[in-house]
Amino acid sequence: QGLKPHGGRSDHCGTDSRDSGAVITSIFTAFGSHAIVVIASWCESAAKVKLDVDWPALGLNPASVRITQPAIENMQPARPGTIGIQDELTVAAGSGVILDVRVIH
């Protein structure tokens, strides 16, 4: 579970948490129901990433989920619409995003 660096300056922005210039994720899940994905960047420039999720470990079927970036007061604006599983996300330098992954019925 985590991220794949994509494009940009990935040679200066890795995914190893021991690196002070890394993009890392934390995932909090209610198995089979929903998950919260927290993406944090310590990179010096914006990082372009794609989600690399172990769906069975979360008990989720990627064809049955909706991913959104909700508004969180004093933290992040909402991103309009849904985020596709293969979408590239841009995380601002020294920032992060929180994503909501929910099963749709």
# chains A, B, ... in the order shown; residues from 1 in each chain; ligands from 1

call {"tool": "select_by_dssp", "arguments": {"residues": "chain A", "states": "strand (DSSP E)", "output": "PyMOL selection string"}}
result
chain A and resi 2-5+23-30+34-41+47-52+65-69+79-83+88-91+96-103

call {"tool": "write_last_selection", "arguments": {"atoms": "N, CA and C atoms", "output": "compact mmCIF listing (two decimals), in the first residue's frame"}}
result
# COMPACT_ATOMS: atom_id res chain seq x y z
N GLY A 2 0.53 2.22 -0.74
CA GLY A 2 1.33 3.42 -0.73
C GLY A 2 1.27 4.16 -2.03
N LEU A 3 2.42 4.69 -2.43
CA LEU A 3 2.50 5.55 -3.59
C LEU A 3 3.58 5.09 -4.54
N LYS A 4 3.41 5.48 -5.78
CA LYS A 4 4.45 5.33 -6.79
C LYS A 4 4.82 6.73 -7.25
N PRO A 5 6.08 7.17 -7.09
CA PRO A 5 6.45 8.47 -7.65
C PRO A 5 6.23 8.42 -9.15
N VAL A 23 7.80 11.21 0.10
CA VAL A 23 6.34 11.22 0.14
C VAL A 23 5.95 9.88 0.73
N ILE A 24 5.18 9.90 1.83
CA ILE A 24 4.76 8.66 2.46
C ILE A 24 3.26 8.68 2.70
N THR A 25 2.70 7.50 2.96
CA THR A 25 1.27 7.38 3.21
C THR A 25 1.02 6.63 4.50
N SER A 26 -0.12 6.92 5.06
CA SER A 26 -0.68 6.14 6.16
C SER A 26 -2.11 5.83 5.76
N ILE A 27 -2.54 4.61 6.02
CA ILE A 27 -3.90 4.21 5.67
C ILE A 27 -4.59 3.70 6.92
N PHE A 28 -5.76 4.24 7.19
CA PHE A 28 -6.58 3.82 8.31
C PHE A 28 -7.83 3.21 7.69
N THR A 29 -8.17 1.97 8.08
CA THR A 29 -9.25 1.29 7.40
C THR A 29 -10.24 0.63 8.34
N ALA A 30 -11.48 0.60 7.92
CA ALA A 30 -12.52 -0.25 8.50
C ALA A 30 -12.68 -1.34 7.46
N HIS A 34 -14.48 1.10 4.36
CA HIS A 34 -13.90 2.36 3.90
C HIS A 34 -12.48 2.50 4.44
N ALA A 35 -11.79 3.49 3.91
CA ALA A 35 -10.42 3.76 4.35
C ALA A 35 -10.15 5.25 4.21
N ILE A 36 -9.25 5.73 5.04
CA ILE A 36 -8.75 7.09 4.95
C ILE A 36 -7.28 6.98 4.56
N VAL A 37 -6.88 7.66 3.49
CA VAL A 37 -5.50 7.63 3.01
C VAL A 37 -4.90 9.01 3.27
N VAL A 38 -3.82 9.04 4.01
CA VAL A 38 -3.13 10.29 4.32
C VAL A 38 -1.81 10.28 3.54
N ILE A 39 -1.61 11.27 2.69
CA ILE A 39 -0.39 11.39 1.90
C ILE A 39 0.35 12.62 2.40
N ALA A 40 1.60 12.43 2.80
CA ALA A 40 2.40 13.55 3.32
C ALA A 40 3.68 13.68 2.51
N SER A 41 4.04 14.92 2.20
CA SER A 41 5.24 15.17 1.41
C SER A 41 6.20 16.07 2.16
N ALA A 47 5.15 17.08 -5.68
CA ALA A 47 5.38 15.68 -6.06
C ALA A 47 4.16 15.16 -6.80
N LYS A 48 4.39 14.47 -7.89
CA LYS A 48 3.33 13.83 -8.65
C LYS A 48 3.36 12.35 -8.28
N VAL A 49 2.22 11.83 -7.80
CA VAL A 49 2.17 10.45 -7.33
C VAL A 49 0.91 9.76 -7.84
N LYS A 50 0.96 8.44 -7.82
CA LYS A 50 -0.21 7.61 -8.11
C LYS A 50 -0.36 6.64 -6.94
N LEU A 51 -1.59 6.37 -6.58
CA LEU A 51 -1.85 5.40 -5.52
C LEU A 51 -1.46 4.01 -5.97
N ASP A 52 -0.89 3.25 -5.07
CA ASP A 52 -0.53 1.85 -5.32
C ASP A 52 -1.10 1.08 -4.13
N VAL A 65 -15.41 1.23 -5.29
CA VAL A 65 -15.11 2.32 -4.35
C VAL A 65 -15.18 3.67 -5.04
N ARG A 66 -15.37 4.68 -4.23
CA ARG A 66 -15.32 6.07 -4.67
C ARG A 66 -14.26 6.75 -3.82
N ILE A 67 -13.33 7.45 -4.49
CA ILE A 67 -12.25 8.15 -3.78
C ILE A 67 -12.50 9.64 -3.93
N THR A 68 -12.51 10.35 -2.79
CA THR A 68 -12.72 11.79 -2.81
C THR A 68 -11.70 12.47 -1.90
N GLN A 69 -11.52 13.74 -2.15
CA GLN A 69 -10.71 14.58 -1.26
C GLN A 69 -11.68 15.55 -0.60
N ARG A 79 -11.62 18.62 -3.27
CA ARG A 79 -11.32 18.49 -4.69
C ARG A 79 -12.63 18.10 -5.36
N PRO A 80 -13.04 18.83 -6.38
CA PRO A 80 -14.32 18.52 -7.03
C PRO A 80 -14.31 17.13 -7.65
N GLY A 81 -15.43 16.45 -7.57
CA GLY A 81 -15.59 15.15 -8.20
C GLY A 81 -14.86 14.04 -7.48
N THR A 82 -14.75 12.94 -8.19
CA THR A 82 -14.07 11.78 -7.61
C THR A 82 -12.67 11.64 -8.20
N ILE A 83 -11.85 10.89 -7.51
CA ILE A 83 -10.48 10.64 -7.94
C ILE A 83 -10.43 9.21 -8.47
N GLU A 88 -3.25 10.64 -11.47
CA GLU A 88 -2.04 11.21 -10.90
C GLU A 88 -2.44 12.34 -9.96
N LEU A 89 -1.89 12.34 -8.77
CA LEU A 89 -2.17 13.39 -7.80
C LEU A 89 -0.94 14.26 -7.64
N THR A 90 -1.15 15.54 -7.42
CA THR A 90 -0.04 16.45 -7.15
C THR A 90 -0.14 16.85 -5.69
N VAL A 91 0.95 16.61 -4.96
CA VAL A 91 1.02 16.98 -3.55
C VAL A 91 2.01 18.13 -3.45
N GLY A 96 0.38 17.94 2.30
CA GLY A 96 -0.23 16.62 2.21
C GLY A 96 -1.69 16.71 1.81
N VAL A 97 -2.29 15.56 1.61
CA VAL A 97 -3.72 15.47 1.31
C VAL A 97 -4.29 14.27 2.06
N ILE A 98 -5.57 14.37 2.33
CA ILE A 98 -6.31 13.28 2.97
C ILE A 98 -7.41 12.86 2.01
N LEU A 99 -7.45 11.56 1.72
CA LEU A 99 -8.44 11.02 0.80
C LEU A 99 -9.39 10.10 1.54
N ASP A 100 -10.64 10.11 1.12
CA ASP A 100 -11.68 9.23 1.68
C ASP A 100 -12.01 8.18 0.62
N VAL A 101 -11.87 6.90 0.98
CA VAL A 101 -12.14 5.80 0.08
C VAL A 101 -13.35 5.04 0.65
N ARG A 102 -14.45 5.04 -0.08
CA ARG A 102 -15.69 4.42 0.43
C ARG A 102 -16.29 3.47 -0.59
N VAL A 103 -16.88 2.40 -0.09
CA VAL A 103 -17.61 1.48 -0.94
C VAL A 103 -18.89 2.17 -1.39

call {"tool": "atom_distance", "arguments": {"atom1": "CA of Ala92 in chain A", "atom2": "CA of Ser45 in chain A"}}
result
6.8 Å

call {"tool": "closest_residue", "arguments": {"among": "A:Ala93, A:Ala78, A:Ala71, A:Ile85", "to": "Asp54 in chain A", "atoms": "only C-alpha atoms"}}
result
A:Ile85

call {"tool": "atom_distance", "arguments": {"atom1": "CA of Gly84 in chain A", "atom2": "CA of Ala63 in chain A"}}
result
10.3 Å

call {"tool": "atom_distance", "arguments": {"atom1": "CA of Leu58 in chain A", "atom2": "CA of Ile104 in chain A"}}
result
14.9 Å

call {"tool": "select_by_dssp", "arguments": {"residues": "range 32-95 of chain A", "states": "alpha helix (DSSP H)", "output": "PDB file with C-alpha atoms, in the first residue's frame"}}
result
ATOM      1  CA  TRP A  55      -6.990  -3.666  -2.232  1.00  0.00           C
ATOM      2  CA  PRO A  56      -7.371  -7.195  -0.766  1.00  0.00           C
ATOM      3  CA  ALA A  57      -5.514  -6.083   2.387  1.00  0.00           C
ATOM      4  CA  LEU A  58      -8.205  -3.406   2.844  1.00  0.00           C
TER       5      LEU A  58
END

call {"tool": "closest_residue", "arguments": {"among": "A:Pro62, A:Asn74, A:Ser33, A:Glu44", "to": "Gly21 in chain A", "atoms": "only C-alpha atoms"}}
result
A:Glu44
